[in-house]
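Trainee: One structure, as structure tokens, below. Some questions next.
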Amino acid sequence: MSERGETKYIFVTGGVVSALGKGISSASIGLLLQKRGLNVQNIKLDPYLNVDPGTMNPFQHGEVFVLDDGSETDLDLGHYERFLDQSLSKDNNVTTGQIYNTIISRERRGDYLGATVQVIPHVTEEIKNRIKRLKNKDPRPDVIIAEIGGTVGDIESLPFLEAIRQIGLEEGPQNTMFLHLTLVPYITSAGEFKTKPTQHSVKSLREIGIQPNMLLCRSAKPISDDLRKKISLFCSVPVRSVIVAQDVSTIYQVPLGYHAQEVDQIVCEHFNLNLPEPDLEEWENMVGKIINPVRRIKIGICGKYVGLKDAYKSIIEAFIHAGVASDAEVNLIWVSSEDIKHNGADKFLYDVDGLLIPGGFGERGVEGKIEAIHYVRENNIPFLGICLGMQCAVIEYARNACGLEDAHSYEFYRDLKHPVIHLMADQEGVTELGGTMRLGAYPCIVEENSRTFEAYKTAEISERHRHRYEFNNVYREMLTRNGLFLAGLSPDKRLVEIIEVPTHPWFVGVQFHPELKSHPTKPHPLFRDFVRAAVIYNSKKKNR
Ligand code: GLN
């Protein structure tokens with residue numbers, strides 16, 4: 001037991017509708033408690049039956065957030081890592097699929113000794129174990145914040161709600177707190193807010209045996225104190241704990257809004273913790289810079305899933321962080337790679353200050369990406385290629401700078417004359433899709449006279465990966481002879497991790513995903529320098 005006593009549990013549930021921002025709320029409360037000196041572990045419990053989101057279509061699920069340990073997790077883990085500046089592990093994301101996987105293997109081994117295996121107690125016990133085992137993390141957490149995916153009332157999330165109810169009973173009210181995120185809609189035609197959905201959502205929670213201690217009320221406009229009193233009365237939550245979570249211009253304002261309403265103070269009082277006020281100065285400065293940028297630049301993003309921004313969540317956030325370092329607002333111009341293929345790059349990219357090609361899978365849109373890269377390479381527009389984006393840059397260079405007209409990736413065509421990107425050796429014979437890519441953090445050695453070294457200011461870096469294909473070493477000699485710079489290799493020199501075009505102002509392609517390790521107060525060095533290069537390009541363009 002630490003001097004702060006037993007580990008405390010905060011459970012975050014959501015009501016009325018999904019997508020209210022439980023992840024950001026959980027991360028914000030985590031940040032405030034961390035800034036008060038507590039060790040915090042966030043965990044996301046996802047009710048779906050997939051073992052992890054790695055096999056899900058990003059259109060449905062949004063981005064897959066890869067951790068250092070190689071686990072493929074929900075994008076909320078990205079919020080936790082970004083807000084708390086932590087590196088999380090597979091233990092911080094649990095899915096129903098994982099729970100059932102464990103239970104069914106146990107049952108097949110005969111571990112249940114003839115018992116009938118049931119949702120209660122077997123599934124709920126396993127859920128409780130997964131939450132409680134976070135207590136063994138180093139440093140030992142003072143607070144575990146468990147976010148339950150889905151919305152109260154969903155069939156799938158019932159076992160999770162039952163499990164947290166039981167933890168409440170076992171650990172006692174002094175060690176557990178239930179927070180409920182809800183929506184207070186404003187009905188324009190009636191000109192008033194409606195509290196009924198919140199009342200119903202809390203009623204559903206109570207039917208399960210959970211009485212929330214705090215309500216976080218999402219709303220588009222400010223909510224009056226009278227309305228808060230009404231919600232308090234109907235939902236049996238002290239009025240001080242009816243928090244207004246009004247729409248904000250940046251998610252990084254959320255912790256500040258909560259702190260202004262004493263959320264962290266209420267939590268500390270609930271747990272009987274006497275702690276100093278959090279120091280939020282650095283965070284406030286960062287938010288100030290996001291809200292009041294000195295300049296604006298445009299970065300084109302050319303990808304397959306441009307219709308669903310959640311598919312590129314970490315990239316969007318990494319640009320916000322990088323913008324802070326250059327006092328710039330980065331306006332992202334989403335361009336469908338198929339549009340470029342049909343209408344040409346110039347039509348969409350003529351006024352961008354930089355181009356980013358993100359990671360991706362599958363052949364659709366690849367020719368458009370290659371064309372976009374060709375356009376920015378020729379026109380000296382800053383470029384950052386991530387994973388598939390780097391692979392496309394290699395293909396473009398092979399075709400247009402080395403004369404290998406039919407260069408392509410083995411991912412898309414098997415019968416190729418010049419497979420400049422090919423299958424990684426350890427991927428041969430892999431047939432299962434789930435969790436079988438090259439995943440997680442790997443070291444890389446950066447060449448000193450490179451843009452990348454300029455950014456990181458160190459030769460030894462570690463970044464997260466998620467891919468099956470790689471730069472084909474057969475073409476190393478040919479491509480470097482024609483001016484491509486292999487700026488980063490794996491320590492055994494067998495894998496090309498970073499490419500650059502030294503004759504270009506800023507042209508970098510990386511096989512890894514730098515966006516996964518960017519923090520609001522610590523922008524990722526590559527995103528930071530890419531945005532800086534785009535700012536320079538923009539000011540030169542204006543002076544022309
Ligand atoms: N599809 C490519 C590969 O598997 C790139 C993957 C990615 O961009 N994450 O290698």
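As shown in the structure tokens, the chain order sets the letters A, B, ...; within each chain, residues go from 1, and ligands are also counted from 1 in the order they appear.
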Please produce, as JSON lines, a per-residue contact table for chain A versus ligand 1 (criterion: any atom at most 6 Å away, only C-alpha atoms and all ligand atoms considered), showing the nearest atom pair and its distance in Å to one decimal, sorted by chain then residue number.
Mentor:
{"residue": "A:Gly359", "atom": "CA", "partner": "ligand 1", "partner_atom_place_in_ligand_line": "8 (O)", "distance": 3.0}
{"residue": "A:Gly360", "atom": "CA", "partner": "ligand 1", "partner_atom_place_in_ligand_line": "8 (O)", "distance": 4.0}
{"residue": "A:Phe361", "atom": "CA", "partner": "ligand 1", "partner_atom_place_in_ligand_line": "1 (N)", "distance": 4.0}
{"residue": "A:Cys387", "atom": "CA", "partner": "ligand 1", "partner_atom_place_in_ligand_line": "8 (O)", "distance": 4.1}
{"residue": "A:Leu388", "atom": "CA", "partner": "ligand 1", "partner_atom_place_in_ligand_line": "8 (O)", "distance": 3.8}
{"residue": "A:Arg466", "atom": "CA", "partner": "ligand 1", "partner_atom_place_in_ligand_line": "9 (N)", "distance": 4.9}
{"residue": "A:His467", "atom": "CA", "partner": "ligand 1", "partner_atom_place_in_ligand_line": "4 (O)", "distance": 3.7}
{"residue": "A:Arg468", "atom": "CA", "partner": "ligand 1", "partner_atom_place_in_ligand_line": "4 (O)", "distance": 3.9}
{"residue": "A:Tyr469", "atom": "CA", "partner": "ligand 1", "partner_atom_place_in_ligand_line": "10 (O)", "distance": 3.6}
Trainee: Do you know which residues are at most 9 Å from Leu205 in chain A counting only C-alpha atoms, after dropping those on the same chain fewer than 5 positions away, and could you put them as a VMD selection string?
Mentor: chain A and resid 15 152 to 153 161 200 210 to 212
Trainee: So which residues touch Ser326 in chain A within 9 Å, counting only C-alpha atoms, skipping near sequence neighbours fewer than 2 positions away, as a count of residues only?
Mentor: 12
Trainee: To test your reading of the structure, identify every residue in range 160-290 of chain A that backbone DSSP assigns to strand (DSSP E or B), and report it as a short mmCIF file (atom, residue, chain, number, x, y, z; two decimals) with C-alpha atoms, in the first residue's frame.
Mentor:
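Listed below is the output, result.cif:
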data_model
loop_
_atom_site.label_atom_id
_atom_site.label_comp_id
_atom_site.auth_asym_id
_atom_site.auth_seq_id
_atom_site.Cartn_x
_atom_site.Cartn_y
_atom_site.Cartn_z
CA THR A 176 -14.52 4.06 -6.01
CA MET A 177 -16.17 6.81 -7.98
CA PHE A 178 -18.64 6.59 -10.85
CA LEU A 179 -18.62 9.34 -13.47
CA HIS A 180 -21.28 9.47 -16.13
CA LEU A 181 -20.86 11.42 -19.35
CA THR A 182 -24.15 12.47 -20.83
CA LEU A 183 -25.69 14.80 -23.37
CA TYR A 186 -30.55 22.11 -26.92
CA ILE A 187 -33.77 21.95 -28.90
CA GLU A 192 -34.52 25.18 -24.46
CA PHE A 193 -32.29 22.47 -23.08
CA MET A 214 -20.59 12.95 -10.89
CA LEU A 215 -22.23 13.90 -14.18
CA LEU A 216 -20.29 15.40 -17.04
CA CYS A 217 -22.94 17.09 -19.16
CA ARG A 218 -21.97 17.64 -22.77
CA SER A 219 -23.75 20.58 -24.34
CA VAL A 242 -23.02 18.32 -12.12
CA ILE A 243 -20.28 19.48 -14.45
CA VAL A 244 -20.84 21.34 -17.68
CA ALA A 245 -18.75 19.92 -20.48
CA GLN A 246 -19.46 22.53 -23.11
#
Trainee: In Å, rounded to a single decimal, give me how far CA of Glu432 in chain A is from CA of His122 in chain A.
Mentor: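 Computing it gives 28.5 Å between the two atoms.
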Trainee: CA of Gly168 in chain A and CA of Lys132 in chain A are how many Å apart?
Mentor: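 Atom-to-atom, CA of Gly168 in chain A to CA of Lys132 in chain A, that is 12.0 Å.
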Trainee: What's the 6 Å shell around range 501-505 of chain A, counting only C-alpha atoms, without same-chain residues fewer than 4 positions away, as a compact mmCIF listing (two decimals) with N, CA, C and O atoms, in the first residue's frame?
Mentor:
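The new file selection-v6.txt reads:
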# COMPACT_ATOMS: atom_id res chain seq x y z
N ASN A 380 9.43 21.22 -55.00
CA ASN A 380 10.12 21.57 -53.74
C ASN A 380 9.18 21.87 -52.58
O ASN A 380 9.46 22.71 -51.73
N LEU A 484 18.73 9.05 -53.88
CA LEU A 484 17.92 8.84 -52.68
C LEU A 484 18.86 8.57 -51.50
O LEU A 484 19.87 7.89 -51.66
N PHE A 485 18.53 9.14 -50.35
CA PHE A 485 19.39 9.00 -49.18
C PHE A 485 18.70 8.08 -48.18
O PHE A 485 17.56 8.34 -47.77
Trainee: Could you please write out, as a PyMOL selection string, every residue of range 365-540 of chain A that DSSP assigns to alpha helix (DSSP H)?
Mentor: chain A and resi 366-378+388-401+451-456+476-481+525-540
